[in-house]
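Student: For reference, this is entry-v2.cif, and it has mmCIF, C-alpha atoms.
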data_input
loop_
_atom_site.label_atom_id
_atom_site.label_comp_id
_atom_site.auth_asym_id
_atom_site.auth_seq_id
_atom_site.Cartn_x
_atom_site.Cartn_y
_atom_site.Cartn_z
CA MET D 20 17.24 1.63 28.63
CA ILE D 21 18.60 5.19 28.58
CA GLU D 22 18.25 6.91 25.24
CA ASP D 23 21.45 8.30 23.74
CA LYS D 24 20.90 12.05 23.62
CA ASN D 25 23.84 12.51 21.26
CA PRO D 26 23.58 9.76 18.65
CA LYS D 27 26.33 9.41 16.09
CA ARG D 28 25.80 11.55 13.00
CA THR D 29 27.99 10.83 10.01
CA PRO D 30 27.71 13.49 7.27
CA LEU D 31 26.89 11.93 3.89
CA SER D 32 29.61 14.11 2.35
CA GLU D 33 32.18 11.89 4.10
CA LEU D 34 31.20 8.97 1.89
CA GLY D 35 30.20 10.39 -1.49
CA GLU D 36 27.53 8.84 -3.75
CA PHE D 37 29.21 5.55 -4.66
CA LYS D 38 30.50 4.68 -1.19
CA LEU D 39 27.06 5.60 0.19
CA ILE D 40 25.34 3.21 -2.22
CA GLU D 41 27.83 0.47 -1.38
CA HIS D 42 27.39 1.07 2.36
CA LEU D 43 23.60 0.96 2.25
CA THR D 44 23.21 -1.97 -0.15
CA ASN D 45 26.07 -4.39 0.52
CA HIS D 46 23.86 -6.58 2.75
CA PHE D 47 21.09 -7.16 0.21
CA GLU D 48 20.86 -10.84 -0.76
CA ILE D 49 19.91 -12.29 -4.14
CA ASN D 50 17.23 -14.99 -3.97
CA GLN D 51 15.49 -14.89 -7.37
CA LYS D 52 16.73 -17.10 -10.21
CA SER D 53 15.70 -14.39 -12.65
CA THR D 54 18.25 -11.94 -11.16
CA VAL D 55 21.37 -12.26 -13.30
CA LYS D 56 23.06 -9.01 -12.26
CA SER D 57 21.90 -6.62 -9.54
CA ILE D 58 23.56 -3.59 -7.93
CA GLY D 59 27.01 -2.56 -9.11
CA ASP D 60 26.78 -2.14 -12.87
CA ASP D 61 25.16 0.34 -15.27
CA ALA D 62 21.94 -1.66 -15.24
CA ALA D 63 20.43 -4.76 -13.68
CA ILE D 64 19.99 -7.88 -15.80
CA LEU D 65 16.92 -10.08 -15.43
CA LYS D 66 16.20 -13.33 -17.25
CA PHE D 67 12.66 -14.43 -18.02
CA LYS D 68 11.32 -17.09 -20.38
CA ASP D 69 7.63 -17.73 -20.78
CA LYS D 70 6.20 -15.28 -18.25
CA ASN D 71 4.97 -11.70 -18.61
CA ILE D 72 6.91 -9.01 -16.77
CA VAL D 73 4.97 -6.55 -14.58
CA ILE D 74 6.53 -3.22 -13.60
CA SER D 75 5.16 -0.47 -11.34
CA THR D 76 6.71 2.60 -9.74
CA ASP D 77 5.68 5.02 -6.98
CA LEU D 78 7.10 8.25 -5.64
CA LEU D 79 6.85 9.28 -1.96
CA VAL D 80 7.60 12.91 -1.12
CA GLU D 81 8.18 14.29 2.37
CA GLY D 82 5.43 16.72 3.34
CA VAL D 83 3.05 15.28 0.73
CA HIS D 84 2.98 11.52 1.41
CA PHE D 85 4.58 11.30 4.85
CA ASP D 86 5.42 13.39 7.91
CA LEU D 87 8.66 12.46 9.66
CA SER D 88 7.49 14.03 12.91
CA TYR D 89 5.57 10.79 13.57
CA VAL D 90 6.71 8.34 10.88
CA PRO D 91 9.83 6.39 11.94
CA LEU D 92 12.31 6.05 9.09
CA LYS D 93 12.40 2.26 9.39
CA HIS D 94 8.61 2.13 9.03
CA LEU D 95 8.82 4.53 6.08
CA GLY D 96 11.28 2.27 4.26
CA TYR D 97 9.04 -0.73 4.86
CA LYS D 98 5.89 1.10 3.74
CA ALA D 99 7.58 2.46 0.61
CA VAL D 100 8.21 -1.11 -0.50
CA MET D 101 4.64 -2.22 0.36
CA VAL D 102 3.11 0.60 -1.71
CA ASN D 103 4.87 -0.76 -4.80
CA LEU D 104 4.48 -4.48 -4.18
CA SER D 105 0.75 -3.95 -3.74
CA ASP D 106 0.49 -2.78 -7.36
CA ILE D 107 2.21 -5.95 -8.56
CA TYR D 108 -0.12 -8.22 -6.56
CA ALA D 109 -3.10 -6.29 -7.96
CA MET D 110 -2.12 -7.70 -11.37
CA ASN D 111 -2.31 -11.24 -9.91
CA ALA D 112 1.47 -11.33 -10.29
CA MET D 113 4.31 -12.14 -7.89
CA ALA D 114 6.91 -9.46 -7.15
CA THR D 115 10.51 -10.49 -7.71
CA GLN D 116 12.72 -7.38 -7.69
CA ILE D 117 12.72 -3.71 -6.70
CA THR D 118 14.93 -0.71 -7.38
CA VAL D 119 15.26 2.03 -4.75
CA SER D 120 16.07 5.67 -5.50
CA ILE D 121 16.25 8.47 -2.96
CA ALA D 122 16.85 12.21 -2.96
CA VAL D 123 17.96 13.46 0.44
CA SER D 124 18.81 16.82 1.99
CA ASN D 125 21.87 17.47 4.14
CA ARG D 126 19.81 17.40 7.34
CA PHE D 127 19.88 13.59 7.11
CA PRO D 128 23.04 11.90 8.43
CA LEU D 129 24.15 8.44 7.38
CA GLU D 130 22.51 6.86 10.44
CA ALA D 131 19.08 8.14 9.34
CA LEU D 132 19.46 6.50 5.94
CA GLU D 133 20.60 3.29 7.61
CA GLU D 134 17.24 3.24 9.43
CA LEU D 135 15.37 3.85 6.19
CA TYR D 136 17.23 1.07 4.42
CA ALA D 137 16.75 -1.29 7.37
CA GLY D 138 13.00 -1.03 6.74
CA ILE D 139 13.51 -1.61 3.02
CA SER D 140 15.70 -4.62 3.75
CA THR D 141 13.16 -6.13 6.16
CA ALA D 142 10.38 -5.77 3.59
CA ALA D 143 12.54 -7.29 0.84
CA LYS D 144 13.37 -10.32 2.98
CA LEU D 145 9.80 -10.92 4.19
CA TYR D 146 8.35 -10.64 0.68
CA ASN D 147 11.24 -12.42 -1.05
CA VAL D 148 12.15 -9.65 -3.49
CA ASP D 149 15.66 -8.73 -4.58
CA VAL D 150 16.91 -5.14 -4.35
CA ILE D 151 18.74 -4.79 -7.67
CA GLY D 152 19.61 -1.11 -8.08
CA GLY D 153 18.51 2.49 -7.84
CA ASP D 154 19.97 5.96 -7.51
CA THR D 155 20.82 8.54 -4.87
CA THR D 156 20.98 12.30 -5.25
CA SER D 157 20.67 15.44 -3.16
CA SER D 158 17.45 17.30 -2.43
CA THR D 159 16.68 20.83 -1.33
CA SER D 160 13.24 19.87 -0.04
CA GLY D 161 13.66 16.97 2.34
CA LEU D 162 13.38 13.28 1.55
CA ILE D 163 12.03 11.78 -1.68
CA ILE D 164 11.76 8.02 -2.24
CA SER D 165 11.08 6.34 -5.57
CA ILE D 166 10.73 2.57 -5.75
CA THR D 167 10.12 0.52 -8.87
CA ALA D 168 8.75 -2.98 -8.43
CA ILE D 169 9.15 -5.77 -10.98
CA GLY D 170 7.13 -8.96 -11.02
CA GLU D 171 6.20 -11.92 -13.16
CA VAL D 172 2.96 -13.63 -14.04
CA GLU D 173 1.94 -16.52 -16.25
CA LYS D 174 0.51 -15.11 -19.47
CA ASP D 175 -2.90 -16.65 -18.88
CA GLN D 176 -3.10 -15.51 -15.23
CA GLN D 177 -2.61 -11.75 -15.45
CA VAL D 178 -5.58 -9.68 -14.25
CA LEU D 179 -6.36 -6.15 -15.46
CA ARG D 180 -8.85 -3.52 -14.31
CA SER D 181 -10.81 -3.89 -17.53
CA GLY D 182 -12.23 -7.43 -17.30
CA ALA D 183 -15.30 -7.01 -15.06
CA LYS D 184 -18.59 -8.26 -16.53
CA PRO D 185 -22.23 -7.69 -15.52
CA ASN D 186 -23.31 -10.13 -12.76
CA ASP D 187 -19.73 -10.54 -11.49
CA LEU D 188 -19.39 -10.26 -7.71
CA LEU D 189 -17.42 -7.38 -6.19
CA VAL D 190 -15.03 -8.76 -3.55
CA ILE D 191 -12.69 -7.06 -1.09
CA THR D 192 -9.86 -8.43 1.04
CA GLY D 193 -9.40 -7.68 4.74
CA ASP D 194 -10.98 -4.51 6.11
CA ILE D 195 -10.67 -0.86 5.17
CA GLY D 196 -10.64 2.59 6.73
CA GLY D 197 -8.00 1.74 9.33
CA ALA D 198 -5.08 3.52 7.70
CA TYR D 199 -6.96 6.81 7.40
CA MET D 200 -8.14 6.73 11.00
CA GLY D 201 -4.65 5.82 12.14
CA LEU D 202 -3.45 8.95 10.36
CA GLN D 203 -6.07 11.02 12.20
CA ILE D 204 -4.78 9.72 15.54
CA LEU D 205 -1.16 10.53 14.63
CA GLU D 206 -2.10 14.02 13.41
CA ARG D 207 -4.05 14.67 16.60
CA GLU D 208 -1.13 13.60 18.80
CA LYS D 209 1.21 15.81 16.75
CA GLU D 210 -0.95 18.84 17.59
CA VAL D 211 -0.99 17.86 21.27
CA PHE D 212 2.81 17.58 21.20
CA LYS D 213 3.10 21.07 19.71
CA VAL D 214 1.22 22.47 22.69
CA ASN D 215 2.96 20.28 25.27
CA PRO D 216 6.28 18.75 24.11
CA ASN D 217 6.50 16.76 27.35
CA SER D 218 3.32 14.81 26.62
CA GLN D 219 3.72 11.09 25.99
CA PRO D 220 0.84 9.74 23.89
CA ASP D 221 -0.75 6.42 24.83
CA LEU D 222 -1.63 4.80 21.51
CA SER D 223 -2.29 1.33 22.89
CA MET D 224 -6.03 1.52 22.28
CA TYR D 225 -5.36 2.54 18.68
CA SER D 226 -2.60 0.00 17.96
CA TYR D 227 -4.34 -1.69 15.00
CA ILE D 228 -5.21 1.45 13.06
CA VAL D 229 -1.86 3.15 13.76
CA GLU D 230 -0.08 0.07 12.43
CA ARG D 231 -2.34 0.13 9.37
CA GLN D 232 -0.99 3.62 8.67
CA LEU D 233 2.66 3.17 9.60
CA LYS D 234 3.25 -0.46 8.59
CA PRO D 235 0.75 -1.68 5.99
CA GLU D 236 1.13 -5.12 4.45
CA ALA D 237 0.77 -5.81 0.73
CA ARG D 238 -1.52 -8.78 0.05
CA LYS D 239 0.88 -11.30 -1.47
CA ASP D 240 -1.03 -13.93 0.49
CA ILE D 241 -4.19 -13.22 -1.51
CA VAL D 242 -2.48 -13.96 -4.83
CA GLU D 243 -1.31 -17.27 -3.36
CA LEU D 244 -4.78 -17.95 -1.87
CA LEU D 245 -6.56 -17.31 -5.17
CA LYS D 246 -4.22 -19.75 -6.88
CA GLN D 247 -4.97 -22.40 -4.25
CA LEU D 248 -8.71 -21.81 -4.60
CA GLU D 249 -8.40 -21.93 -8.41
CA VAL D 250 -10.07 -18.54 -8.69
CA LYS D 251 -8.90 -16.05 -11.31
CA PRO D 252 -10.51 -12.62 -10.78
CA THR D 253 -12.05 -10.96 -13.83
CA SER D 254 -10.58 -7.62 -12.70
CA MET D 255 -8.52 -6.38 -9.77
CA ILE D 256 -7.02 -3.19 -8.28
CA ASP D 257 -5.35 -2.28 -4.99
CA ILE D 258 -7.05 0.13 -2.60
CA SER D 259 -4.57 2.97 -2.30
CA ASP D 260 -6.79 6.01 -2.92
CA GLY D 261 -10.05 4.89 -1.30
CA LEU D 262 -12.70 2.31 -2.15
CA SER D 263 -14.84 4.73 -4.19
CA SER D 264 -11.93 5.72 -6.45
CA GLU D 265 -10.96 2.10 -7.08
CA VAL D 266 -14.55 1.01 -7.80
CA ILE D 267 -14.81 3.83 -10.34
CA HIS D 268 -11.51 2.80 -11.98
CA ILE D 269 -12.76 -0.76 -12.49
CA CYS D 270 -16.18 0.36 -13.75
CA LYS D 271 -14.82 2.93 -16.20
CA GLN D 272 -12.14 0.63 -17.61
CA SER D 273 -14.51 -2.35 -17.79
CA LYS D 274 -17.42 -0.21 -19.07
CA VAL D 275 -19.81 -1.52 -16.41
CA GLY D 276 -21.90 -0.27 -13.50
CA VAL D 277 -21.91 -1.45 -9.89
CA GLU D 278 -23.99 -1.70 -6.75
CA VAL D 279 -22.00 -1.64 -3.49
CA TYR D 280 -23.84 -2.52 -0.27
CA GLU D 281 -22.97 -0.30 2.68
CA ASP D 282 -23.74 -2.99 5.26
CA LYS D 283 -21.32 -5.43 3.58
CA ILE D 284 -18.22 -3.18 3.72
CA PRO D 285 -15.80 -4.77 6.23
CA LEU D 286 -14.79 -2.45 9.07
CA ASP D 287 -12.63 -3.29 12.08
CA PRO D 288 -14.27 -2.47 15.45
CA GLN D 289 -11.36 -0.10 16.20
CA VAL D 290 -12.19 1.86 13.04
CA ILE D 291 -15.85 2.13 14.05
CA SER D 292 -15.09 3.25 17.61
CA THR D 293 -12.47 5.78 16.46
CA CYS D 294 -14.88 7.20 13.87
CA GLU D 295 -17.41 7.66 16.67
CA GLU D 296 -14.76 9.39 18.77
CA PHE D 297 -13.99 11.81 15.91
CA ASN D 298 -17.69 12.12 15.02
CA ILE D 299 -16.98 10.91 11.47
CA ASP D 300 -19.19 8.57 9.44
CA SER D 301 -17.39 5.23 9.11
CA THR D 302 -18.82 4.52 5.65
CA THR D 303 -17.44 7.85 4.40
CA ILE D 304 -14.01 6.85 5.71
CA ALA D 305 -14.22 3.41 4.10
CA LEU D 306 -15.14 4.93 0.75
CA ASN D 307 -12.64 7.77 0.73
CA GLY D 308 -9.85 7.02 3.22
CA GLY D 309 -7.21 5.20 1.20
CA GLU D 310 -3.81 3.68 2.03
CA ASP D 311 -5.23 0.35 3.18
CA TYR D 312 -3.52 -1.58 0.33
CA GLU D 313 -6.18 -4.23 0.35
CA LEU D 314 -7.26 -5.75 -2.98
CA LEU D 315 -10.59 -5.07 -4.69
CA MET D 316 -11.59 -7.60 -7.32
CA THR D 317 -14.47 -8.94 -9.33
CA ILE D 318 -15.08 -12.66 -9.72
CA SER D 319 -17.50 -14.76 -11.73
CA GLN D 320 -20.55 -15.94 -9.80
CA GLU D 321 -19.47 -19.48 -10.69
CA ASP D 322 -16.47 -19.02 -8.38
CA TYR D 323 -18.54 -17.89 -5.38
CA PRO D 324 -18.67 -21.40 -3.78
CA LYS D 325 -14.85 -21.44 -3.79
CA ILE D 326 -14.56 -18.25 -1.72
CA LYS D 327 -17.72 -18.57 0.39
CA GLY D 328 -16.91 -18.35 4.09
CA ASN D 329 -13.24 -17.47 3.53
CA PRO D 330 -12.31 -14.93 6.24
CA ASN D 331 -9.94 -13.07 3.89
CA LEU D 332 -12.60 -12.29 1.27
CA THR D 333 -15.88 -10.39 1.53
CA VAL D 334 -18.51 -9.91 -1.20
CA ILE D 335 -19.61 -6.26 -1.01
CA GLY D 336 -21.67 -5.91 -4.19
CA TYR D 337 -22.09 -6.90 -7.80
CA ILE D 338 -21.42 -5.58 -11.29
CA THR D 339 -24.28 -4.27 -13.44
CA GLU D 340 -24.74 -2.96 -16.97
CA GLU D 341 -22.95 0.34 -17.59
CA ASN D 342 -26.17 2.29 -18.14
CA ARG D 343 -27.35 1.45 -14.60
CA GLY D 344 -24.55 3.58 -13.15
CA MET D 345 -22.41 3.22 -10.01
CA HIS D 346 -24.29 3.25 -6.71
CA LEU D 347 -23.90 2.70 -2.99
CA VAL D 348 -26.93 0.93 -1.54
CA THR D 349 -27.30 2.31 1.99
CA ARG D 350 -28.54 0.47 5.06
CA ALA D 351 -31.84 2.27 4.46
CA GLU D 352 -31.85 0.75 0.94
CA GLU D 353 -31.38 4.11 -0.75
CA LYS D 354 -29.17 4.27 -3.83
CA ILE D 355 -26.51 7.00 -3.76
CA PRO D 356 -24.22 7.67 -6.76
CA ILE D 357 -20.59 6.74 -6.05
CA ILE D 358 -18.18 9.62 -6.63
CA ALA D 359 -14.44 9.73 -5.99
CA LYS D 360 -13.42 11.86 -3.02
CA GLY D 361 -10.27 9.96 -2.15
CA TRP D 362 -6.64 11.02 -2.07
CA ASN D 363 -5.50 13.41 -4.79
CA ALA D 364 -1.71 13.73 -4.66
CA LEU D 365 -1.66 16.73 -6.99
CA SER D 366 -3.87 18.80 -4.70
CA ASN D 367 -2.41 17.36 -1.46
CA GLN D 368 -5.93 17.01 -0.19
CA SER D 369 -8.29 14.15 0.58
#
Could you spell out this file's structure in structure tokens?

Tutor:
Amino acid sequence: MIEDKNPKRTPLSELGEFKLIEHLTNHFEINQKSTVKSIGDDAAILKFKDKNIVISTDLLVEGVHFDLSYVPLKHLGYKAVMVNLSDIYAMNAMATQITVSIAVSNRFPLEALEELYAGISTAAKLYNVDVIGGDTTSSTSGLIISITAIGEVEKDQQVLRSGAKPNDLLVITGDIGGAYMGLQILEREKEVFKVNPNSQPDLSMYSYIVERQLKPEARKDIVELLKQLEVKPTSMIDISDGLSSEVIHICKQSKVGVEVYEDKIPLDPQVISTCEEFNIDSTTIALNGGEDYELLMTISQEDYPKIKGNPNLTVIGYITEENRGMHLVTRAEEKIPIIAKGWNALSNQS
């Protein structure tokens, strides 16, 4: 297939704000009974009865949270939704609606925004959430995306960060570190491209970790799994800023300590091999990498038989009394204090 070297570029000024919104959103379907009124009025209307409403919002800024030199706009739209849905699932809730707001500079034609919204639409369909509103405005500094996610949870099923108790087990879903190492691969190939624009990177051997960076999946399936297993976590948080940061959040808000076992932290073989290639310690990446959007939770020891052997869940430690502190137990059985060195958006550094 020959690539079109002169793709169509429709200036956004041809449409104006309201026609642009209509153009980008007229294909969104409504599937939730709680959606009374979505896009097209001054506000959306939602109807809920006996459930608690959960709301979370995230802002993604070009040059801070993403680099369009290697992030396709469709993937960006998809990921922007995942970032927000993950927060809802971390409350043991189910996401039902999202709003999407963007600020965009004049370097983006209509076709670019169509790609972005195609990713948003795909995510909304796969995760069964309704797109019910948002806003668009101009930007002098590239692309800014703000998504607000709304969910619902039975009042006796909501899970906070503050419920962990001594002797609870610390459990993680999936594996971690992949998103950060995927980013390292993409950054490396960007530098190669700067030197030789004709180079075509072969990312096949890094497919898993690159996908973890460009197209993460929020763990809706874990909320459904926990319900099937009849396990209600005592606390839960999503891993967006790195395992160490999230462990500290739970411990501080629950007023407990923790012991995390280095040899229990789940790592994909591709993460381990890529860490070796970059001469980086894989445990350091697991603790501080971020953007994996897995779930970290604590459960009562009584529930351990229900999760034992489940491939989606790994016990990586246990909760202690607050005065015992927060420690990583290394493979050499040394105890090292856990400190947060994960992503800090305000410093734009990891």

Student: Write out as a CSV table (one decimal) with C-alpha atoms, in the frame of the given file each polymer residue whose atoms come within 10 Å of Phe297 of chain D, counting all atoms listed in the file; drop sequence neighbours fewer than 6 positions from it.

Tutor:
chain,number,residue,atom,x,y,z
D,200,MET,CA,-8.1,6.7,11.0
D,203,GLN,CA,-6.1,11.0,12.2
D,204,ILE,CA,-4.8,9.7,15.5

Student: Can you pull out the residues contacting Asn111 of chain D? Cut-off 9 Å, using all atoms listed in the file, and skip same-chain residues under 2 positions away; I want them as number ranges by chain.

Tutor: D: 107-109, 113, 172, 176-179, 241-243, 245, 251-252, 255

Student: Distance atom CA of Gly138 of chain D-atom CA of Gln219 of chain D, one decimal place?

Tutor: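 Interatomic distance, atom CA of Gly138 of chain D to atom CA of Gln219 of chain D: 24.6 Å.
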
Student: Please indicate the distance in Å from atom CA of Phe67 of chain D to atom CA of Ser53 of chain D, rounded to one decimal place.

Tutor: 6.2 Å

Student: One number please: atom CA of Gly201 of chain D to atom CA of Leu315 of chain D, in Å, one decimal.

Tutor: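 About the pair atom CA of Gly201 of chain D and atom CA of Leu315 of chain D: they are 20.9 Å apart.
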
Student: With the PyMOL selection byres ((chain D and resi 79-89) around 8) as the selection, what would be picked from this file? Answer as a list in words, please.

Tutor: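 Matching residues under the PyMOL selection byres ((chain D and resi 79-89) around 8) are Asp77, Leu78, Val90, Pro91, Leu92, Ala99, Ser160, Gly161, Leu162, Ile163, Ile164, Ser165, Leu205, Lys209, Ala364 and Asn367 of chain D.
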
Student: Between D:Met110, D:Ile318, D:Ile357, D:Met345, which one has atoms that come closest to Ala183 of chain D, using all atoms listed in the file?

Tutor: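 Closest candidate: D:Ile318.
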
Student: Once you count all atoms listed in the file, what closest atom pair and distance in Å to one decimal does each residue of segment 85-148 of chain D within 8 Å of segment 27-31 of chain D have, with rows by chain and rising residue number, as CSV?

Tutor:
residue,atom,partner,partner_atom,distance
D:Asn125,CA,D:Leu31,CA,7.5
D:Phe127,CA,D:Pro30,CA,7.8
D:Pro128,CA,D:Pro30,CA,5.1
D:Leu129,CA,D:Thr29,CA,5.2
D:Glu130,CA,D:Arg28,CA,6.3

Student: Identify which of the residues D:Val150, D:Leu95, D:Ala131, D:Leu233 lies closest to Ile117 of chain D, counting all atoms listed in the file when measuring atom-to-atom distances.

Tutor: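 The answer is D:Val150, which sits nearest to Ile117 of chain D.
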
Student: With all atoms listed in the file as the basis for distance, which of D:Glu48, D:Asp69, D:Glu353, D:Asp187 is at the shortest distance from Tyr280 of chain D?

Tutor: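 The answer is D:Glu353, which sits nearest to Tyr280 of chain D.
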
Student: Which residue is closest to Gly96 of chain D? Choose from D:Thr141, D:Thr118, D:Thr156, D:Thr192 and count all atoms listed in the file.

Tutor: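 For Gly96 of chain D, the nearest of the given residues is D:Thr141.
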
Student: Skip Glu341 of chain D itself and residues of its chain fewer than 3 positions away, then list as a ChimeraX atom specification all residues within 6 Å of it, counting all atoms listed in the file.

Tutor: /D:274-276,344

Student: Compare D:Ile304, D:Glu310, D:Tyr97, D:Asp221 by their minimum atom-to-atom distance to Glu134 of chain D, counting all atoms listed in the file, and give me the closest one.

Tutor: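 Looking at the shortest contact to Glu134 of chain D, the residue is D:Tyr97.
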
Student: Going by the chain IDs and residue numbers used in this file, which residues fall under the PyMOL selection byres ((chain D and resi 348) around 10)? Write them as a list in words.

Tutor: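 When the PyMOL selection byres ((chain D and resi 348) around 10) is applied to the shown file, the picked residues are Glu278, Val279, Tyr280, Glu281, Asp282, Lys283, Gly336, Met345, His346, Leu347, Thr349, Arg350, Ala351, Glu352, Glu353, Lys354, Ile355, Pro356 and Ile357 of chain D.
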
Student: Just want the 8 Å neighbourhood of Val334 of chain D, counted on all atoms listed in the file, with same-chain residues fewer than 2 positions away dropped. Output as a list in words.

Tutor: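 My list of contacting residues is Leu188, Leu189, Val190, Ile191, Lys283, Leu332 and Gly336 of chain D.
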
Student: Output C-alpha atoms of each residue in that selection to a file, as a PDB file, keeping the file's coordinate frame.

Tutor:
ATOM      1  CA  LEU D 188     -19.390 -10.260  -7.710  1.00  0.00           C
ATOM      2  CA  LEU D 189     -17.420  -7.380  -6.190  1.00  0.00           C
ATOM      3  CA  VAL D 190     -15.030  -8.760  -3.550  1.00  0.00           C
ATOM      4  CA  ILE D 191     -12.690  -7.060  -1.090  1.00  0.00           C
ATOM      5  CA  LYS D 283     -21.320  -5.430   3.580  1.00  0.00           C
ATOM      6  CA  LEU D 332     -12.600 -12.290   1.270  1.00  0.00           C
ATOM      7  CA  GLY D 336     -21.670  -5.910  -4.190  1.00  0.00           C
TER       8      GLY D 336
END

Student: Between D:Gly153, D:Pro285, D:Gly170, D:Pro235, which is the closest to Thr54 of chain D once you count all atoms listed in the file?

Tutor: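 Ranked by minimum distance to Thr54 of chain D, first place goes to D:Gly170.
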
Student: When you look at Leu145 of chain D with a cut-off of 12 Å (counting all atoms listed in the file), what residues show up, excluding the ones that are within fewer than 5 positions of it in the same chain? I need them as a PyMOL selection string.

Tutor: chain D and resi 50+97+100-101+104+114-115+138-140+236-237+239-240

Student: Run the PyMOL selection byres ((chain D and resi 57) around 12) on the file and write out the hits as a PyMOL selection string.

Tutor: chain D and resi 44-45+47-56+58-66+116-119+148-153

Student: Return the padded bounding box of segment 253-259 of chain D as lines of an AutoDock Vina configuration file: axis-aligned, built from all atoms listed in the file, 6 Å added on each side, with centre and edge lengths in Å to one decimal.

Tutor:
center_x = -8.3
center_y = -4.0
center_z = -8.1
size_x = 19.5
size_y = 25.9
size_z = 23.5

Student: Take segment 316-333 of chain D, bring it up to N, CA and C atoms, and give me the output as a PDB file, in the frame of the given file.

Tutor:
ATOM      1  N   MET D 316     -11.547  -6.778  -6.105  1.00  0.00           N
ATOM      2  CA  MET D 316     -11.590  -7.600  -7.320  1.00  0.00           C
ATOM      3  C   MET D 316     -13.027  -7.936  -7.686  1.00  0.00           C
ATOM      4  N   THR D 317     -13.196  -8.369  -8.914  1.00  0.00           N
ATOM      5  CA  THR D 317     -14.470  -8.940  -9.330  1.00  0.00           C
ATOM      6  C   THR D 317     -14.228 -10.396  -9.709  1.00  0.00           C
ATOM      7  N   ILE D 318     -15.198 -11.244  -9.381  1.00  0.00           N
ATOM      8  CA  ILE D 318     -15.080 -12.660  -9.720  1.00  0.00           C
ATOM      9  C   ILE D 318     -16.396 -13.128 -10.354  1.00  0.00           C
ATOM     10  N   SER D 319     -16.307 -14.161 -11.159  1.00  0.00           N
ATOM     11  CA  SER D 319     -17.500 -14.760 -11.730  1.00  0.00           C
ATOM     12  C   SER D 319     -18.354 -15.381 -10.635  1.00  0.00           C
ATOM     13  N   GLN D 320     -19.673 -15.324 -10.791  1.00  0.00           N
ATOM     14  CA  GLN D 320     -20.550 -15.940  -9.800  1.00  0.00           C
ATOM     15  C   GLN D 320     -20.295 -17.438  -9.669  1.00  0.00           C
ATOM     16  N   GLU D 321     -19.773 -18.044 -10.738  1.00  0.00           N
ATOM     17  CA  GLU D 321     -19.470 -19.480 -10.690  1.00  0.00           C
ATOM     18  C   GLU D 321     -18.403 -19.794  -9.656  1.00  0.00           C
ATOM     19  N   ASP D 322     -17.560 -18.796  -9.350  1.00  0.00           N
ATOM     20  CA  ASP D 322     -16.470 -19.020  -8.380  1.00  0.00           C
ATOM     21  C   ASP D 322     -16.896 -18.728  -6.942  1.00  0.00           C
ATOM     22  N   TYR D 323     -18.118 -18.250  -6.739  1.00  0.00           N
ATOM     23  CA  TYR D 323     -18.540 -17.890  -5.380  1.00  0.00           C
ATOM     24  C   TYR D 323     -18.418 -19.052  -4.387  1.00  0.00           C
ATOM     25  N   PRO D 324     -18.817 -20.300  -4.746  1.00  0.00           N
ATOM     26  CA  PRO D 324     -18.670 -21.400  -3.780  1.00  0.00           C
ATOM     27  C   PRO D 324     -17.231 -21.612  -3.311  1.00  0.00           C
ATOM     28  N   LYS D 325     -16.260 -21.233  -4.142  1.00  0.00           N
ATOM     29  CA  LYS D 325     -14.850 -21.440  -3.790  1.00  0.00           C
ATOM     30  C   LYS D 325     -14.382 -20.448  -2.720  1.00  0.00           C
ATOM     31  N   ILE D 326     -15.001 -19.264  -2.684  1.00  0.00           N
ATOM     32  CA  ILE D 326     -14.560 -18.250  -1.720  1.00  0.00           C
ATOM     33  C   ILE D 326     -15.529 -18.108  -0.547  1.00  0.00           C
ATOM     34  N   LYS D 327     -16.693 -18.721  -0.642  1.00  0.00           N
ATOM     35  CA  LYS D 327     -17.720 -18.570   0.390  1.00  0.00           C
ATOM     36  C   LYS D 327     -17.171 -18.961   1.757  1.00  0.00           C
ATOM     37  N   GLY D 328     -17.348 -18.064   2.729  1.00  0.00           N
ATOM     38  CA  GLY D 328     -16.910 -18.350   4.090  1.00  0.00           C
ATOM     39  C   GLY D 328     -15.441 -18.111   4.353  1.00  0.00           C
ATOM     40  N   ASN D 329     -14.668 -17.746   3.310  1.00  0.00           N
ATOM     41  CA  ASN D 329     -13.240 -17.470   3.530  1.00  0.00           C
ATOM     42  C   ASN D 329     -13.083 -16.155   4.288  1.00  0.00           C
ATOM     43  N   PRO D 330     -12.392 -16.141   5.422  1.00  0.00           N
ATOM     44  CA  PRO D 330     -12.310 -14.930   6.240  1.00  0.00           C
ATOM     45  C   PRO D 330     -11.522 -13.794   5.595  1.00  0.00           C
ATOM     46  N   ASN D 331     -10.749 -14.108   4.555  1.00  0.00           N
ATOM     47  CA  ASN D 331      -9.940 -13.070   3.890  1.00  0.00           C
ATOM     48  C   ASN D 331     -10.713 -12.316   2.821  1.00  0.00           C
ATOM     49  N   LEU D 332     -11.880 -12.842   2.413  1.00  0.00           N
ATOM     50  CA  LEU D 332     -12.600 -12.290   1.270  1.00  0.00           C
ATOM     51  C   LEU D 332     -14.050 -11.993   1.621  1.00  0.00           C
ATOM     52  N   THR D 333     -14.510 -10.801   1.245  1.00  0.00           N
ATOM     53  CA  THR D 333     -15.880 -10.390   1.530  1.00  0.00           C
ATOM     54  C   THR D 333     -16.543  -9.879   0.259  1.00  0.00           C
TER      55      THR D 333
END
